[in-house]
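Undergrad: Below is one structure. I have some questions about it.
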Amino acid sequence: MDKEIRAAIVGSTGYGGVELIRLLSAHPKVAISAVLSSSSAGEPLAAGYPHLTEIRTDVLEAIDPASLAKKADVVFLATPAGVAAKLAPQMLETGLDVIDLSGDFRLKSPAVYEEWYKKPAADPAWLGQAVYGLAEVFGEDVRGARLISNPGCYPTASLLGLIPAVQAGFIDPATIIIDAKSGVSGAGRGASLGTHYAEINENFKAYKVNQHQHIPEIEQALARVAGHEITVTFTTHLVPMTRGIMATMYAAVKGGRTQRDFIDLYRSYYENRRFVRIRPEGVLPATKEVYGSNYCDIGFAVDGRTGRVTIVSVIDNLVKGAAGQAIQNLNLRMGWDEGLGLDFVPVYP
């Protein structure tokens, strides 16, 4: 499809929503037709985000699916968990396509969702229709889909780093440990004690140990490519930086595979998928090297002494981990080049 489409963003006052606005404003085939917020309706968008002064003059609108269907073709839901489960069906029934950045349609089991998210699950009929949009792995499923569930930030970094090795049998999936760190923007814009400057500055802490809601999402996707259930150890940490995720993953190597074998496998797996970059031998990626971009960079270190591999995967949590991948999924859904509106160089330093 070559026509320009109209996009609406629900949750425009959050970091994910305003990142969507930043990226979509430069997209050659998308026009932002509405920005919506349940808490700030009637206020100028730039009042909450002065960096948009004279760039976006939009006034935030209240959420009304019926009226929204008259002014948009697709809606991005950058909302807290539990909200999209209610809103998405209403919007789909009006004819809108939906790309959901929350976790409400990622897990196929309502019981698993309710166990980990502590909220009522979405209608199973809509869960069955939702497509999991890990673009480099399940991108073909996204083409033509009406309800796309954008992966979480931690799962994006972790799964892109693990899936080729799991699928090829290079590692023992029963030994996977994921040690992940995120910048503070991953916690959202809302004020809380845990992200207060005095609490996080010059500090480094683990949180939600063995309880993070992204655990079942990672296990579900790994099981899908492996053909059997997989259980992982997954620990998250908060780092005193604004953007970035580093997932450092450990697993036992099978078949005596070398570091060169891993590099060759991943380069072949992600061939022609330009947003995954594989580091050469002896080079590991850093979060600064993908800052502000839609790239995921991956590096490896195989330890012959222990028989384990260390896989390091880095992304910008607000771009590849949220808004950027959502736009990549829109491009795939529309049959466009998947890099449309996303081909920009990372910000450095």
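Numbering starts fresh at 1 for the residues of each chain in the structure tokens, the chains themselves are lettered A, B, ... in the order given, and ligands are numbered from 1 as they appear.
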Which residues are near Glu338 in chain A? Cut-off 12 Å, only C-alpha atoms, ignore same chain within fewer than 3 positions. Put them as a short mmCIF file (atom, residue, chain, number, x, y, z; two decimals) with C-alpha atoms, in the first residue's frame.
TA:
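File written: selection-v8.cif
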data_model
loop_
_atom_site.label_atom_id
_atom_site.label_comp_id
_atom_site.auth_asym_id
_atom_site.auth_seq_id
_atom_site.Cartn_x
_atom_site.Cartn_y
_atom_site.Cartn_z
CA HIS A 27 7.60 9.23 8.78
CA ALA A 135 9.63 -7.95 14.03
CA GLU A 136 12.84 -9.81 13.15
CA GLY A 139 7.46 -10.29 11.17
CA GLU A 140 5.64 -12.35 8.56
CA VAL A 142 2.42 -9.03 11.27
CA ARG A 143 1.69 -8.45 7.58
CA ASN A 272 18.92 -8.55 5.57
CA ARG A 273 17.34 -7.49 8.89
CA ARG A 274 19.18 -4.21 9.19
CA PHE A 275 18.15 -3.32 12.72
CA ASN A 294 15.98 1.25 16.44
CA GLY A 324 10.54 2.21 17.09
CA GLN A 325 9.51 -1.43 16.96
CA ALA A 326 5.85 -0.36 16.93
CA ILE A 327 6.53 1.70 13.80
CA GLN A 328 8.56 -1.17 12.33
CA ASN A 329 5.48 -3.35 12.88
CA LEU A 330 3.26 -0.74 11.21
CA ASN A 331 5.59 -0.76 8.21
CA LEU A 332 5.42 -4.55 8.00
CA ARG A 333 1.65 -4.55 8.47
CA MET A 334 1.25 -2.07 5.59
CA GLY A 335 3.67 -3.89 3.26
CA GLY A 341 10.94 6.44 9.10
CA LEU A 342 13.49 4.57 11.21
CA ASP A 343 16.72 4.78 9.25
#
Undergrad: With a cut-off of 12 Å, could you pull out the residues of range 209-268 of chain A touching range 120-134 of chain A and give me the nearest pair of atoms for each, distance in Å to one decimal, using only C-alpha atoms, ordered by chain and ascending number, as a Markdown table?
TA:
| residue | atom | partner | partner_atom | distance |
| --- | --- | --- | --- | --- |
| A:Glu217 | CA | A:Tyr132 | CA | 10.0 |
| A:Ile218 | CA | A:Leu134 | CA | 11.1 |
| A:Gln220 | CA | A:Tyr132 | CA | 10.6 |
| A:Ala221 | CA | A:Tyr132 | CA | 8.9 |
| A:Leu222 | CA | A:Leu134 | CA | 11.8 |
| A:Arg224 | CA | A:Tyr132 | CA | 11.2 |
Undergrad: May I have the selected residues written with N, CA, C and O atoms, as an mmCIF file, in the first residue's frame?
TA:
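File written: part26.cif
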data_model
loop_
_atom_site.group_PDB
_atom_site.id
_atom_site.type_symbol
_atom_site.label_atom_id
_atom_site.label_comp_id
_atom_site.auth_asym_id
_atom_site.auth_seq_id
_atom_site.Cartn_x
_atom_site.Cartn_y
_atom_site.Cartn_z
ATOM 1 N N GLU A 217 6.423 -13.725 29.173
ATOM 2 C CA GLU A 217 6.499 -13.310 27.762
ATOM 3 C C GLU A 217 7.741 -13.902 27.107
ATOM 4 O O GLU A 217 7.681 -14.425 25.978
ATOM 5 N N ILE A 218 8.870 -13.824 27.799
ATOM 6 C CA ILE A 218 10.114 -14.387 27.271
ATOM 7 C C ILE A 218 9.984 -15.899 27.132
ATOM 8 O O ILE A 218 10.343 -16.482 26.098
ATOM 9 N N GLN A 220 7.292 -17.724 26.810
ATOM 10 C CA GLN A 220 6.316 -18.076 25.772
ATOM 11 C C GLN A 220 6.948 -18.027 24.385
ATOM 12 O O GLN A 220 6.753 -18.936 23.571
ATOM 13 N N ALA A 221 7.718 -16.966 24.100
ATOM 14 C CA ALA A 221 8.340 -16.834 22.787
ATOM 15 C C ALA A 221 9.435 -17.879 22.577
ATOM 16 O O ALA A 221 9.578 -18.435 21.474
ATOM 17 N N LEU A 222 10.221 -18.154 23.620
ATOM 18 C CA LEU A 222 11.261 -19.174 23.498
ATOM 19 C C LEU A 222 10.639 -20.556 23.267
ATOM 20 O O LEU A 222 11.140 -21.346 22.452
ATOM 21 N N ARG A 224 7.887 -21.158 21.822
ATOM 22 C CA ARG A 224 7.337 -21.175 20.460
ATOM 23 C C ARG A 224 8.387 -21.590 19.441
ATOM 24 O O ARG A 224 8.099 -22.377 18.526
#
Undergrad: Ranking A:His237, A:Lys254, A:Lys29, A:Lys320 by minimum distance to Asn203 in chain A and counting only C-alpha atoms, which one comes first?
TA: A:His237
Undergrad: Run DSSP on the backbone and give me the residues of range 43-183 of chain A it puts in strand (DSSP E or B), as a ChimeraX atom specification.
TA: /A:44,59,61,74-77,97-100,131-132,147-149,171,177-182
Undergrad: Using only C-alpha atoms, find the one residue out of A:Ile311, A:Ala72, A:Ile215, A:Ile9 that sits nearest to Trp116 in chain A.
TA: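 Residue with the minimum atom-to-atom distance to Trp116 in chain A: A:Ile215.
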Undergrad: Nearest residue to Thr195 in chain A out of A:Val239, A:Ala157, A:Leu318, A:Val18, using only C-alpha atoms?
TA: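 For Thr195 in chain A, the nearest of the given residues is A:Val239.
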Undergrad: Set the distance at 7 Å and use only C-alpha atoms: which residues neighbour Asp179 in chain A once local chain neighbours fewer than 5 positions away are removed? I'd like the list as a list in words.
TA: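 My reading of the contact set: Phe234, Thr235, Thr236, Ala247, Thr248 and Met249 of chain A.
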Undergrad: Just C-alpha atoms for this one: save the residues we selected as a tab-separated table (two decimals), in the first residue's frame.
TA:
chain	number	residue	atom	x	y	z
A	234	PHE	CA	15.45	-13.44	34.77
A	235	THR	CA	16.68	-10.62	37.00
A	236	THR	CA	16.15	-6.93	36.27
A	247	ALA	CA	20.56	-7.97	28.59
A	248	THR	CA	23.53	-10.15	29.51
A	249	MET	CA	22.61	-13.80	29.02
Undergrad: Taking only C-alpha atoms into account, name the residue in A:Phe105, A:Ala8, A:Ala31, A:Ser25 that is nearest to Met91 in chain A.
TA: A:Ala8
